[in-house]
Each structure stands twice: as C-alpha cells, then as structure tokens.
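Structure data (mmCIF, C-alpha atoms) from my_file_13.cif:
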```cif
data_structure
loop_
_atom_site.label_atom_id
_atom_site.label_comp_id
_atom_site.auth_asym_id
_atom_site.auth_seq_id
_atom_site.Cartn_x
_atom_site.Cartn_y
_atom_site.Cartn_z
CA MET C 297 19.55 25.77 8.63
CA LEU C 298 18.85 22.04 8.99
CA PRO C 299 20.49 20.04 11.77
CA LYS C 300 23.35 17.71 10.85
CA THR C 301 21.83 14.63 12.47
CA MET C 302 18.35 13.19 13.03
CA LYS C 303 16.46 10.34 14.58
CA ALA C 304 15.88 7.45 12.16
CA LEU C 305 14.95 3.77 12.16
CA VAL C 306 17.62 1.97 10.11
CA ALA C 307 17.43 -1.54 8.64
CA TYR C 308 20.80 -3.28 8.57
CA GLY C 309 19.50 -6.76 7.76
CA LYS C 310 16.70 -9.23 8.39
CA ASN C 311 15.38 -8.66 11.90
CA ASP C 312 18.19 -6.16 12.46
CA TYR C 313 16.42 -2.78 12.69
CA ARG C 314 17.94 -0.14 14.95
CA LEU C 315 16.83 3.26 16.17
CA GLU C 316 19.63 5.75 15.47
CA THR C 317 19.53 9.09 17.28
CA GLU C 318 22.37 10.75 15.35
CA TYR C 319 21.86 9.52 11.80
CA PRO C 320 23.04 12.01 9.13
CA VAL C 321 20.35 14.32 7.76
CA PRO C 322 20.10 13.80 3.97
CA GLN C 323 22.07 16.24 1.86
CA CYS C 324 20.16 18.33 -0.68
CA GLY C 325 21.57 18.12 -4.19
CA PRO C 326 20.76 20.64 -6.95
CA ASP C 327 17.69 18.65 -8.06
CA ASP C 328 16.52 17.42 -4.65
CA ILE C 329 13.85 18.36 -2.14
CA ILE C 330 14.20 17.75 1.60
CA ILE C 331 11.05 17.40 3.69
CA LYS C 332 10.52 17.44 7.42
CA THR C 333 8.48 14.29 7.94
CA GLU C 334 4.95 14.77 9.30
CA ALA C 335 3.83 11.14 9.50
CA CYS C 336 4.66 7.68 8.17
CA GLY C 337 2.47 4.59 8.16
CA ILE C 338 3.65 1.02 8.73
CA CYS C 339 2.74 -1.22 5.80
CA ALA C 340 2.34 -4.99 5.91
CA GLY C 341 5.20 -4.99 3.42
CA ASP C 342 7.40 -3.26 6.01
CA LEU C 343 6.67 -6.08 8.46
CA LYS C 344 7.33 -8.81 5.91
CA CYS C 345 10.56 -7.11 4.90
CA MET C 346 11.75 -6.86 8.50
CA HIS C 347 11.09 -10.55 9.06
CA GLY C 348 13.04 -11.56 5.95
CA ALA C 349 10.43 -12.34 3.30
CA GLU C 350 12.07 -13.68 0.14
CA ARG C 351 10.19 -11.14 -1.97
CA PHE C 352 12.46 -8.45 -0.51
CA TRP C 353 15.72 -10.17 0.39
CA GLY C 354 15.78 -12.56 -2.54
CA THR C 355 17.60 -15.86 -2.84
CA GLU C 356 21.10 -16.93 -3.70
CA LYS C 357 19.93 -17.10 -7.31
CA THR C 358 18.02 -13.81 -7.53
CA GLY C 359 20.00 -11.60 -5.18
CA SER C 360 18.53 -9.02 -2.81
CA TRP C 361 16.15 -6.29 -3.98
CA VAL C 362 16.56 -4.32 -0.76
CA LYS C 363 19.85 -2.47 -0.29
CA PRO C 364 20.75 -2.01 3.38
CA PRO C 365 21.38 -0.04 5.39
CA PHE C 366 18.13 1.74 4.56
CA ILE C 367 15.44 3.70 6.36
CA PRO C 368 12.04 1.96 5.95
CA GLY C 369 8.69 3.59 5.23
CA HIS C 370 6.90 4.50 2.00
CA GLU C 371 3.56 5.81 3.35
CA PHE C 372 4.76 9.27 4.35
CA LEU C 373 4.35 12.99 3.79
CA GLY C 374 5.88 16.19 5.06
CA HIS C 375 6.69 19.85 4.48
CA ILE C 376 9.47 21.15 2.26
CA VAL C 377 12.34 22.59 4.30
CA GLU C 378 15.07 22.76 1.63
CA MET C 379 15.22 22.70 -2.18
CA GLY C 380 18.02 22.40 -4.71
CA GLU C 381 18.83 25.27 -7.06
CA ASN C 382 17.29 23.48 -10.07
CA VAL C 383 13.93 22.71 -8.43
CA THR C 384 10.93 24.64 -9.77
CA GLY C 385 7.19 24.53 -9.10
CA TRP C 386 7.51 24.13 -5.33
CA LYS C 387 8.23 26.40 -2.40
CA ILE C 388 9.45 26.07 1.16
CA GLY C 389 6.59 25.04 3.41
CA ASP C 390 4.61 23.11 0.77
CA ARG C 391 3.04 19.95 2.14
CA ILE C 392 3.83 17.11 -0.25
CA THR C 393 3.87 13.35 -0.72
CA ALA C 394 5.12 11.01 -3.44
CA ASP C 395 4.45 7.76 -5.25
CA GLN C 396 6.22 4.86 -3.59
CA ILE C 397 8.29 4.14 -6.68
CA VAL C 398 11.19 6.33 -7.79
CA PRO C 399 11.15 5.78 -11.58
CA CYS C 400 14.38 5.88 -13.55
CA GLY C 401 12.81 7.78 -16.45
CA GLU C 402 14.95 5.88 -18.97
CA CYS C 403 13.61 2.32 -19.29
CA ARG C 404 10.94 1.12 -21.72
CA PHE C 405 8.21 1.32 -19.10
CA CYS C 406 9.07 4.84 -17.98
CA LYS C 407 9.29 6.11 -21.55
CA THR C 408 5.83 4.74 -22.40
CA GLY C 409 4.13 6.22 -19.31
CA LYS C 410 4.08 2.96 -17.34
CA TYR C 411 6.48 4.34 -14.76
CA TRP C 412 5.12 2.19 -11.91
CA MET C 413 6.66 -0.85 -13.60
CA CYS C 414 10.07 0.86 -13.95
CA GLU C 415 12.67 -1.82 -14.70
CA PRO C 416 15.20 -0.93 -11.94
CA HIS C 417 12.18 -0.69 -9.63
CA ASP C 418 13.64 1.40 -6.85
CA MET C 419 11.27 2.48 -4.10
CA PHE C 420 11.31 4.68 -1.04
CA GLY C 421 12.06 2.75 2.10
CA PHE C 422 13.98 -0.20 0.69
CA GLN C 423 17.32 1.06 -0.67
CA HIS C 424 19.92 3.22 1.05
CA TYR C 425 19.84 5.70 -1.84
CA ASN C 426 16.03 6.11 -1.49
CA ASN C 427 15.56 6.20 2.25
CA GLY C 428 11.98 6.22 3.51
CA GLY C 429 9.81 8.09 5.97
CA MET C 430 10.71 6.49 9.30
CA ALA C 431 13.04 9.40 9.97
CA GLU C 432 12.76 13.08 10.79
CA TYR C 433 13.87 14.18 7.31
CA VAL C 434 13.59 12.59 3.85
CA ARG C 435 15.19 13.43 0.51
CA TYR C 436 13.01 13.43 -2.61
CA PRO C 437 15.28 13.04 -5.66
CA LYS C 438 14.65 14.55 -9.08
CA ASN C 439 12.65 11.57 -10.37
CA ALA C 440 10.25 11.36 -7.44
CA VAL C 441 6.60 11.67 -8.51
CA LEU C 442 5.34 14.41 -6.19
CA TYR C 443 1.89 15.70 -5.23
CA LYS C 444 0.63 18.63 -3.18
CA VAL C 445 -1.37 17.71 -0.10
CA PRO C 446 -4.04 20.19 1.06
CA ASP C 447 -3.14 21.85 4.34
CA GLU C 448 -6.63 21.26 5.68
CA LEU C 449 -6.46 17.47 5.26
CA PRO C 450 -5.87 16.04 8.76
CA THR C 451 -2.72 13.99 9.31
CA GLU C 452 -4.66 10.80 10.06
CA LYS C 453 -6.27 11.05 6.62
CA ALA C 454 -3.27 12.34 4.69
CA VAL C 455 -1.07 9.45 5.83
CA LEU C 456 -3.51 7.11 4.04
CA ILE C 457 -2.97 8.66 0.59
CA GLU C 458 -0.39 6.07 -0.48
CA PRO C 459 -2.27 2.92 0.61
CA TYR C 460 -5.61 4.23 -0.64
CA SER C 461 -4.02 5.02 -4.00
CA CYS C 462 -2.83 1.41 -4.21
CA SER C 463 -6.40 0.35 -3.35
CA LYS C 464 -7.79 2.51 -6.16
CA HIS C 465 -5.44 1.04 -8.75
CA CYS C 466 -6.41 -2.48 -7.70
CA VAL C 467 -10.13 -1.76 -7.99
CA ASP C 468 -9.60 -0.06 -11.33
CA ARG C 469 -7.91 -3.24 -12.57
CA ALA C 470 -11.07 -5.14 -11.63
CA GLN C 471 -13.19 -3.07 -14.07
CA ILE C 472 -16.27 -3.20 -11.86
CA THR C 473 -19.68 -2.41 -13.36
CA ASN C 474 -23.07 -2.03 -11.69
CA GLU C 475 -23.99 -5.55 -12.80
CA ASP C 476 -21.13 -7.27 -10.99
CA ILE C 477 -21.15 -9.27 -7.80
CA VAL C 478 -17.80 -8.38 -6.29
CA VAL C 479 -15.92 -10.12 -3.49
CA ILE C 480 -13.08 -8.36 -1.67
CA SER C 481 -11.07 -10.73 0.51
CA GLY C 482 -9.36 -8.83 3.29
CA ALA C 483 -10.58 -5.80 5.24
CA GLY C 484 -7.37 -4.32 6.55
CA THR C 485 -6.30 -0.81 5.60
CA LEU C 486 -5.90 -1.61 1.90
CA GLY C 487 -9.08 -3.66 1.83
CA LEU C 488 -11.02 -0.80 3.40
CA GLY C 489 -9.61 1.55 0.78
CA MET C 490 -10.83 -0.85 -1.88
CA ILE C 491 -14.25 -1.16 -0.26
CA THR C 492 -14.93 2.58 0.00
CA TYR C 493 -13.76 3.13 -3.60
CA ALA C 494 -15.57 0.06 -4.99
CA ARG C 495 -18.76 1.37 -3.38
CA MET C 496 -18.45 4.39 -5.69
CA LYS C 497 -18.64 1.94 -8.64
CA ASN C 498 -22.09 0.81 -7.42
CA PRO C 499 -21.72 -2.96 -7.97
CA GLU C 500 -24.83 -5.11 -7.75
CA LYS C 501 -23.44 -6.69 -4.56
CA LEU C 502 -20.25 -5.93 -2.64
CA ILE C 503 -19.23 -8.87 -0.45
CA VAL C 504 -16.31 -8.60 1.98
CA LEU C 505 -14.45 -11.44 3.66
CA ASP C 506 -12.20 -11.31 6.70
CA MET C 507 -11.29 -13.57 9.61
CA LYS C 508 -11.80 -10.77 12.15
CA ASP C 509 -15.36 -9.71 12.99
CA GLU C 510 -14.30 -6.18 14.04
CA ARG C 511 -12.89 -5.62 10.56
CA LEU C 512 -16.12 -6.87 9.01
CA GLU C 513 -18.06 -4.34 11.07
CA LYS C 514 -15.85 -1.58 9.67
CA ALA C 515 -16.32 -2.99 6.17
CA LYS C 516 -20.09 -2.59 6.52
CA LEU C 517 -19.65 1.03 7.54
CA PHE C 518 -17.41 1.59 4.50
CA GLY C 519 -19.94 0.20 2.01
CA ALA C 520 -20.05 -3.62 2.05
CA ASP C 521 -23.49 -5.10 1.39
CA ILE C 522 -22.65 -8.50 2.86
CA VAL C 523 -19.79 -9.58 5.12
CA MET C 524 -18.60 -13.12 5.87
CA ASN C 525 -16.02 -14.65 8.17
CA PRO C 526 -14.40 -17.66 6.42
CA GLY C 527 -13.58 -19.11 9.83
CA GLN C 528 -17.27 -19.27 10.70
CA VAL C 529 -19.15 -19.93 7.44
CA ASP C 530 -18.59 -21.87 4.23
CA VAL C 531 -17.85 -18.87 2.04
CA GLU C 532 -17.92 -20.77 -1.24
CA LYS C 533 -21.32 -22.30 -0.43
CA GLU C 534 -22.76 -18.92 0.63
CA ILE C 535 -21.50 -17.09 -2.47
CA LYS C 536 -22.81 -19.83 -4.77
CA ALA C 537 -26.19 -19.60 -3.00
CA LEU C 538 -26.29 -15.84 -3.66
CA THR C 539 -25.48 -16.27 -7.35
CA GLU C 540 -27.74 -19.13 -8.49
CA GLY C 541 -24.80 -21.49 -8.20
CA TYR C 542 -22.52 -19.60 -10.61
CA GLY C 543 -20.13 -17.75 -8.30
CA CYS C 544 -19.04 -14.13 -8.04
CA ASP C 545 -18.09 -12.08 -11.11
CA ILE C 546 -14.99 -10.50 -9.57
CA TYR C 547 -12.75 -11.62 -6.70
CA ILE C 548 -10.12 -9.24 -5.32
CA GLU C 549 -7.48 -10.90 -3.14
CA ALA C 550 -6.08 -8.51 -0.51
CA THR C 551 -4.96 -10.76 2.34
CA GLY C 552 -1.63 -12.16 1.18
CA HIS C 553 -2.62 -15.60 2.49
CA PRO C 554 -2.57 -18.68 0.23
CA SER C 555 -5.95 -19.92 1.49
CA SER C 556 -7.61 -16.76 0.16
CA VAL C 557 -6.24 -17.43 -3.32
CA ILE C 558 -7.58 -20.97 -3.38
CA GLN C 559 -10.88 -19.78 -1.91
CA GLY C 560 -11.19 -17.15 -4.60
CA MET C 561 -10.54 -19.55 -7.45
CA ASN C 562 -13.32 -21.76 -6.10
CA CYS C 563 -15.76 -18.89 -5.52
CA ILE C 564 -15.42 -17.15 -8.87
CA ARG C 565 -17.67 -18.02 -11.82
CA LYS C 566 -16.58 -19.17 -15.24
CA LEU C 567 -15.21 -16.26 -17.31
CA GLY C 568 -14.80 -14.27 -14.09
CA ARG C 569 -12.05 -11.86 -13.14
CA PHE C 570 -9.54 -12.49 -10.34
CA VAL C 571 -7.33 -9.61 -9.18
CA GLU C 572 -4.28 -10.33 -7.02
CA PHE C 573 -2.94 -7.45 -4.96
CA SER C 574 -1.02 -8.79 -1.99
CA VAL C 575 2.61 -9.44 -1.20
CA PHE C 576 3.04 -13.03 0.02
CA ALA C 577 5.55 -14.31 2.54
CA GLY C 578 6.04 -17.48 0.47
CA GLU C 579 4.80 -19.47 -2.51
CA THR C 580 1.18 -20.45 -3.08
CA SER C 581 0.20 -23.75 -4.67
CA LEU C 582 -2.88 -23.91 -6.88
CA ASP C 583 -4.45 -26.21 -9.44
CA TRP C 584 -3.85 -24.00 -12.47
CA SER C 585 -6.27 -26.00 -14.61
CA ILE C 586 -9.03 -24.02 -12.86
CA ILE C 587 -7.77 -20.87 -14.59
CA GLY C 588 -7.66 -22.33 -18.08
CA ASP C 589 -9.53 -25.53 -18.76
CA GLY C 590 -11.89 -25.16 -15.81
CA LYS C 591 -13.14 -21.58 -15.97
CA GLU C 592 -11.21 -19.53 -18.55
CA LEU C 593 -10.56 -16.77 -16.04
CA ASP C 594 -9.01 -13.34 -16.42
CA VAL C 595 -6.27 -13.26 -13.76
CA LEU C 596 -4.81 -9.80 -13.21
CA GLY C 597 -2.20 -8.33 -10.95
CA ALA C 598 -2.24 -4.92 -9.29
CA HIS C 599 0.93 -3.12 -8.31
CA LEU C 600 1.37 0.29 -6.68
CA SER C 601 -0.69 3.36 -7.47
CA PRO C 602 -0.07 4.93 -10.89
CA TYR C 603 -1.92 8.17 -11.59
CA CYS C 604 -4.17 7.59 -8.56
CA TYR C 605 -2.97 10.22 -6.08
CA PRO C 606 -4.90 13.22 -7.44
CA PHE C 607 -8.24 11.39 -7.30
CA VAL C 608 -7.56 9.99 -3.84
CA ILE C 609 -6.43 13.34 -2.43
CA GLU C 610 -9.49 15.12 -3.83
CA HIS C 611 -12.05 12.54 -2.71
CA MET C 612 -10.41 11.93 0.63
CA ASN C 613 -10.51 15.67 1.25
CA ASN C 614 -14.20 16.00 0.32
CA GLY C 615 -15.22 12.90 2.28
CA ASP C 616 -16.22 10.63 -0.60
CA LEU C 617 -13.57 8.11 0.46
CA LYS C 618 -14.21 6.99 4.02
CA THR C 619 -11.26 7.06 6.41
CA ASP C 620 -12.77 7.31 9.90
CA GLY C 621 -11.02 5.06 12.37
CA VAL C 622 -8.56 3.55 9.88
CA VAL C 623 -5.59 5.09 11.70
CA SER C 624 -6.01 3.27 14.97
CA SER C 625 -2.68 3.79 16.76
CA ILE C 626 -0.14 6.62 16.69
CA TYR C 627 3.42 6.33 17.99
CA SER C 628 6.65 8.26 18.16
CA LEU C 629 9.68 6.74 16.47
CA ASP C 630 11.13 5.97 19.92
CA GLN C 631 8.33 3.41 20.29
CA TRP C 632 9.06 1.66 17.00
CA GLU C 633 9.22 -1.88 18.42
CA GLU C 634 5.82 -1.55 20.06
CA ALA C 635 4.44 0.08 16.91
CA PHE C 636 5.69 -2.72 14.63
CA ASP C 637 4.21 -5.29 17.00
CA LYS C 638 0.90 -3.42 16.99
CA ALA C 639 0.96 -3.23 13.17
CA THR C 640 0.67 -7.02 12.97
CA GLY C 641 -3.03 -6.50 13.71
CA LYS C 642 -2.93 -8.81 16.72
CA ASP C 643 -4.98 -6.28 18.71
CA GLY C 644 -7.35 -5.49 15.86
CA ASP C 645 -5.54 -2.42 14.56
CA PHE C 646 -5.91 -1.20 10.99
CA LYS C 647 -3.18 1.38 10.30
CA VAL C 648 -0.41 2.14 12.76
CA VAL C 649 1.55 5.33 12.10
CA PHE C 650 4.48 7.34 13.36
CA THR C 651 4.10 11.08 13.74
CA PHE C 652 6.93 13.61 14.02
CA LYS C 653 6.84 16.96 15.81
#
```
Step by step, read the file and then write its structure as structure tokens.
Amino acid sequence: MLPKTMKALVAYGKNDYRLETEYPVPQCGPDDIIIKTEACGICAGDLKCMHGAERFWGTEKTGSWVKPPFIPGHEFLGHIVEMGENVTGWKIGDRITADQIVPCGECRFCKTGKYWMCEPHDMFGFQHYNNGGMAEYVRYPKNAVLYKVPDELPTEKAVLIEPYSCSKHCVDRAQITNEDIVVISGAGTLGLGMITYARMKNPEKLIVLDMKDERLEKAKLFGADIVMNPGQVDVEKEIKALTEGYGCDIYIEATGHPSSVIQGMNCIRKLGRFVEFSVFAGETSLDWSIIGDGKELDVLGAHLSPYCYPFVIEHMNNGDLKTDGVVSSIYSLDQWEEAFDKATGKDGDFKVVFTFK
C-alpha cells in the first residue's frame, strides 16, 4: 500500500519553487503506472525554466507552455510499485524510464511515427498533469513511451539515459561520416554524450570547444582529437588552419549561448552542416546571409530523443558509451537549493542528480 503523501519539489511560478513534505502521492488510474523514483537529474532546461526563460513561460502573445503547479524533472527512472488494471507487459518491481515527451497519439506527428514532435507537446516535469521526477513517486500515463532499464546498470549511469539519448539524436542529425571534420561546441553532460557517441562514427577529426579547461580534459578522455578554449585561442583561425582554410564540415552547437552560434557560422565551410541543439535563454542575432548567399548551409535542429533509448541503454551497459565522472554531485531532495546552484556548473560540475531511498 502506497503512502498518501510524499516529498516533492513543486514549481508554483518563476523563481517560486518549494519543497513540499506532504504532497499527494499520484493516483493510479486503470491505464497508469506508478514508480518509486530512484534518481532524477537536473537539466539546464530545469534551471532556465526556474529562472523564467521565455521558452517555457511564454509571452503575453504566446501564453505559457508550462502549467504550474508542477513537479520538475524529466531525467528520471524508478521501479514500478503500482499498475492499473489495463496495463500489460510490465510487472511490479520492473526498473523503467521514459522518453521526456508524453505524446498524444492523435496528432499528425504521432500518427506518422514522429511522436517527439507531438503537437500538444506535453512533457514530464513541466505540466501539473505530467509531473516529473523530483518527487518520491511519479505517475506514467498510458501514452508514456517506456523502456526497461537493466538492474545491473548503476544509478549514476542509468540517470544519464535521457540526456545521452538526446545527444544521440543530435549526432544522428549531423550525419557524420569518417571523412568529416566535426566540431562540437560545449562539453557539458549533453556535449559529452555527443562526443562519446560521435567517436563511434569515426570522423576524420573530432574537435571540441568549451570555455572550461576541466571540461576539455574530460572531452579528450571521451574521444575528442583536439580541444580548444574559445576564451584563450582564436577558434575560427585554428579551425581554418586545420582545414586548408575551408572550415569544418559539421558544427554542433550545444552551449545555448549566442556567441557559439555566431562562432559556428564563421567556422563552418561552404555547403557545411550546422546542427542546433540547445535551449536559449533569449534571442540570438545573426547575419542570415551567411546561411544562404554566403555558404549555402544545411541548418538542422535537434529535439529530444526519438527511438534512441534502446541503443543508449545497450551501449551504456556494455561500456561503449563513456559515462565515468559525468555524475559529479548527488543530493537528497531536501538539499534542492544547493543542488540547483551546483547544477549551474559554477564549480565545474557536469551532472547533478537527486537520489531517493
């Protein structure tokens, strides 16, 4: 029998997050699954949401995408503790996780297999009817896209399944071959996921950029051939020197900072491929003539992690995808303010997570 209340972090508004010690445990409907949360990571998107980024809270014209009060967290997993009468294929005790998005199953995108672009676009951790993993219990509704997590996969690896799956989708969008000189800008958790997966594609050169030297050291361990700190070297000049003046073939932007976008457009060769992954806190200005008249670039977006979980779970479990040291700090939910502060990366952290006993 589940308890009636639980500990949960609840978002009531911008910069109004509160730790509740007697928040109602989610009710299990006939098609639902309830998990006892094992761990939940803090995403950069969680931080930007808390601080009021327009992408989440909208404008007077667009309206808010988030629906408070909600429980944040989309990088989570746990064990099944209750199932509805209509649920099949799972059993109590199974260790499971889910795609971040909760597809409607009815829109054009869902019906054509492109569920990650579902038109309503509801996600765990941003609406009160799809509460996330910063709580002791979470409800998976009928439309959740679920995956089994091997029991032997350690928590500090398993909690990276969601971000690494997003990293895989981004790299897949880049269509890397072994003839490409690839630049990945940003070596945080998602950048490291991209680096270790891109290394499996065996590009001619894998160049990684970051403003923090400790992240660049980790990038080398994860498969980067060359690392550069844009605060210390002229990145555009160095990349042009490595490519006979042409520029890189592929540039993946994973920082969410406008300067990285402009840098990438300058570093990439004519007919190159630019992949944008990040969520930005605000608008980015760019001379768009570079894209068309200047270089005739392929500019692609990358969103979420469709069909990527099985590969990531398998190759994380067998060690092909490097994860050592990515989870750098572990907290209890009681320490959420310290954990969110740590997740800014100000102390050099990669992934900060909550664990639940």
Worksheet entry | Picked residues, the PyMOL selection byres ((chain C and resi 475) around 10), expected as a ChimeraX atom specification | /C:472-474,476-478,498-501,545
Please report as JSON lines every residue of stretch 570-646 of chain C lying within 8 Å of stretch 393-396 of chain C, along with the nearest atom pair and their distance in Å (one decimal), using all atoms listed in the file.
```
{"residue": "C:Leu600", "atom": "CA", "partner": "C:Gln396", "partner_atom": "CA", "distance": 7.3}
{"residue": "C:Ser601", "atom": "CA", "partner": "C:Asp395", "partner_atom": "CA", "distance": 7.1}
{"residue": "C:Pro602", "atom": "CA", "partner": "C:Asp395", "partner_atom": "CA", "distance": 7.8}
{"residue": "C:Tyr605", "atom": "CA", "partner": "C:Asp395", "partner_atom": "CA", "distance": 7.9}
```
Item to complete: Could you state which residues are captured by the PyMOL selection byres ((chain C and resi 363-379) around 8) in this file, as a PyMOL selection string?
Response: chain C and resi 304-309+324+326-339+342+360-362+380-381+383+387-394+396+419-431+454-459
Save the residues we just selected, C-alpha atoms, as an mmCIF file, in the frame of the given file?
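Output file out.cif is given in full below:
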```
data_model
loop_
_atom_site.group_PDB
_atom_site.id
_atom_site.type_symbol
_atom_site.label_atom_id
_atom_site.label_comp_id
_atom_site.auth_asym_id
_atom_site.auth_seq_id
_atom_site.Cartn_x
_atom_site.Cartn_y
_atom_site.Cartn_z
ATOM 1 C CA ALA C 304 15.880 7.450 12.160
ATOM 2 C CA LEU C 305 14.950 3.770 12.160
ATOM 3 C CA VAL C 306 17.620 1.970 10.110
ATOM 4 C CA ALA C 307 17.430 -1.540 8.640
ATOM 5 C CA TYR C 308 20.800 -3.280 8.570
ATOM 6 C CA GLY C 309 19.500 -6.760 7.760
ATOM 7 C CA CYS C 324 20.160 18.330 -0.680
ATOM 8 C CA PRO C 326 20.760 20.640 -6.950
ATOM 9 C CA ASP C 327 17.690 18.650 -8.060
ATOM 10 C CA ASP C 328 16.520 17.420 -4.650
ATOM 11 C CA ILE C 329 13.850 18.360 -2.140
ATOM 12 C CA ILE C 330 14.200 17.750 1.600
ATOM 13 C CA ILE C 331 11.050 17.400 3.690
ATOM 14 C CA LYS C 332 10.520 17.440 7.420
ATOM 15 C CA THR C 333 8.480 14.290 7.940
ATOM 16 C CA GLU C 334 4.950 14.770 9.300
ATOM 17 C CA ALA C 335 3.830 11.140 9.500
ATOM 18 C CA CYS C 336 4.660 7.680 8.170
ATOM 19 C CA GLY C 337 2.470 4.590 8.160
ATOM 20 C CA ILE C 338 3.650 1.020 8.730
ATOM 21 C CA CYS C 339 2.740 -1.220 5.800
ATOM 22 C CA ASP C 342 7.400 -3.260 6.010
ATOM 23 C CA SER C 360 18.530 -9.020 -2.810
ATOM 24 C CA TRP C 361 16.150 -6.290 -3.980
ATOM 25 C CA VAL C 362 16.560 -4.320 -0.760
ATOM 26 C CA GLY C 380 18.020 22.400 -4.710
ATOM 27 C CA GLU C 381 18.830 25.270 -7.060
ATOM 28 C CA VAL C 383 13.930 22.710 -8.430
ATOM 29 C CA LYS C 387 8.230 26.400 -2.400
ATOM 30 C CA ILE C 388 9.450 26.070 1.160
ATOM 31 C CA GLY C 389 6.590 25.040 3.410
ATOM 32 C CA ASP C 390 4.610 23.110 0.770
ATOM 33 C CA ARG C 391 3.040 19.950 2.140
ATOM 34 C CA ILE C 392 3.830 17.110 -0.250
ATOM 35 C CA THR C 393 3.870 13.350 -0.720
ATOM 36 C CA ALA C 394 5.120 11.010 -3.440
ATOM 37 C CA GLN C 396 6.220 4.860 -3.590
ATOM 38 C CA MET C 419 11.270 2.480 -4.100
ATOM 39 C CA PHE C 420 11.310 4.680 -1.040
ATOM 40 C CA GLY C 421 12.060 2.750 2.100
ATOM 41 C CA PHE C 422 13.980 -0.200 0.690
ATOM 42 C CA GLN C 423 17.320 1.060 -0.670
ATOM 43 C CA HIS C 424 19.920 3.220 1.050
ATOM 44 C CA TYR C 425 19.840 5.700 -1.840
ATOM 45 C CA ASN C 426 16.030 6.110 -1.490
ATOM 46 C CA ASN C 427 15.560 6.200 2.250
ATOM 47 C CA GLY C 428 11.980 6.220 3.510
ATOM 48 C CA GLY C 429 9.810 8.090 5.970
ATOM 49 C CA MET C 430 10.710 6.490 9.300
ATOM 50 C CA ALA C 431 13.040 9.400 9.970
ATOM 51 C CA ALA C 454 -3.270 12.340 4.690
ATOM 52 C CA VAL C 455 -1.070 9.450 5.830
ATOM 53 C CA LEU C 456 -3.510 7.110 4.040
ATOM 54 C CA ILE C 457 -2.970 8.660 0.590
ATOM 55 C CA GLU C 458 -0.390 6.070 -0.480
ATOM 56 C CA PRO C 459 -2.270 2.920 0.610
#
```
At most 12 Å is the cut-off: for each residue in stretch 469-538 of chain C with any atom that close to an atom of stretch 570-573 of chain C, write down the nearest atom pair and the distance in Å rounded to one decimal, counting only C-alpha atoms, chain first then increasing number, as a Markdown table.
```
| residue | atom | partner | partner_atom | distance |
| --- | --- | --- | --- | --- |
| C:Arg469 | CA | C:Val571 | CA | 7.2 |
| C:Ala470 | CA | C:Val571 | CA | 6.3 |
| C:Gln471 | CA | C:Val571 | CA | 10.1 |
| C:Ile472 | CA | C:Val571 | CA | 11.3 |
| C:Val478 | CA | C:Phe570 | CA | 10.1 |
| C:Val479 | CA | C:Phe570 | CA | 9.7 |
| C:Ile480 | CA | C:Val571 | CA | 9.5 |
| C:Ser481 | CA | C:Glu572 | CA | 10.1 |
| C:Gly482 | CA | C:Phe573 | CA | 10.5 |
| C:Leu486 | CA | C:Phe573 | CA | 9.5 |
| C:Gly487 | CA | C:Phe573 | CA | 9.9 |
| C:Met490 | CA | C:Phe573 | CA | 10.7 |
```
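Counting all atoms listed in the file and comparing C:Ala635, C:Asn311, C:Leu505, C:Val608, the residue that lies closest to C:Asp530 is C:Leu505.
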Mind checking which residues fall within 7 Å of stretch 410-418 of chain C, counting all atoms listed in the file, ignoring those fewer than 2 positions away in the same chain, and posting them as a PDB file with C-alpha atoms, keeping the file's coordinate frame?
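around10.pdb, written as the output of this step:
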```pdb
ATOM      1  CA  ILE C 397       8.290   4.140  -6.680  1.00  0.00           C
ATOM      2  CA  VAL C 398      11.190   6.330  -7.790  1.00  0.00           C
ATOM      3  CA  PRO C 399      11.150   5.780 -11.580  1.00  0.00           C
ATOM      4  CA  CYS C 400      14.380   5.880 -13.550  1.00  0.00           C
ATOM      5  CA  CYS C 403      13.610   2.320 -19.290  1.00  0.00           C
ATOM      6  CA  PHE C 405       8.210   1.320 -19.100  1.00  0.00           C
ATOM      7  CA  CYS C 406       9.070   4.840 -17.980  1.00  0.00           C
ATOM      8  CA  THR C 408       5.830   4.740 -22.400  1.00  0.00           C
ATOM      9  CA  LEU C 600       1.370   0.290  -6.680  1.00  0.00           C
ATOM     10  CA  PRO C 602      -0.070   4.930 -10.890  1.00  0.00           C
TER      11      PRO C 602
END
```
Practice prompt. May I have the protein, DNA and RNA residues with an atom at most 9 Å from (21.0, 12.0, 17.1), counting all atoms listed in the file in the file's coordinates, returned as a PyMOL selection string?
Written response: chain C and resi 300-304+316-320
Item to complete: Take atom CA of C:Cys466 and atom CA of C:Ala598 and report the distance between them in Å, one decimal.
Response: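 Straight-line distance from atom CA of C:Cys466 to atom CA of C:Ala598 works out to 5.1 Å.
For the residues C:Gly590, C:Gly644, C:Pro606, C:Gly615, ranking by smallest atom-to-atom distance to C:Ile564 using only C-alpha atoms places C:Gly590 first.
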Worksheet item: Looking at all atoms listed in the file, which of C:Thr358, C:Asn562, C:Ser461, C:Thr384 is the one that sits closest to C:Phe607?
Response: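 Result for the nearest residue to C:Phe607: C:Ser461.
One distance worth recording is that between atom CA of C:Lys344 and atom CA of C:Lys653, which is 27.6 Å.
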Discussion item. Rounded to one decimal, what separation in Å do you get between atom CA of C:Thr640 and atom CA of C:Lys618?
Written reply: 22.3 Å
Discussion item. Taking the file as I've supplied it (selection: the PyMOL selection byres ((chain C and resi 485) around 7)), which residues are included? Please answer as a list of chain:residue names.
Written reply: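 Evaluating the PyMOL selection byres ((chain C and resi 485) around 7) on these coordinates yields C:Ala483, C:Gly484, C:Leu486, C:Gly487, C:Leu488, C:Gly489, C:Val622, C:Phe646, C:Lys647.
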Item to complete: Using all atoms listed in the file, find the one residue out of C:Ser625, C:Phe576, C:Pro450, C:Lys516 that sits nearest to C:Leu343.
Response: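 Residue with the minimum atom-to-atom distance to C:Leu343: C:Phe576.
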Response to the item:
Restricting to all atoms listed in the file, whichever of C:Lys497, C:Lys533, C:Lys453, C:Arg569 is closest to C:Leu596 is C:Arg569
Worksheet entry | From C:Thr651, C:Ile626, C:Asp509, C:Ser556, residue lying nearest C:Ala639 [all atoms listed in the file] |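 Smallest separation from C:Ala639 among the options: C:Ile626.
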Practice prompt. Taking (8.8, 7.5, 14.5) in the file's own coordinates, collect the residues within 7 Å, counting all atoms listed in the file, and hand them back as JSON, numbers by chain.
Written response: {"C": [430, 431, 627, 628, 629, 630, 632, 650, 651, 652]}
Practice prompt. Skip C:Arg351 itself and residues of its chain fewer than 2 positions away, then list as a list of chain:residue names all residues within 8 Å of it, counting only C-alpha atoms.
Written response: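 Near neighbours after the sequence-gap exclusion: C:Cys345, C:Ala349, C:Trp353, C:Gly354, C:Trp361, C:Val575, C:Phe576, C:Ala577, C:Gly578.
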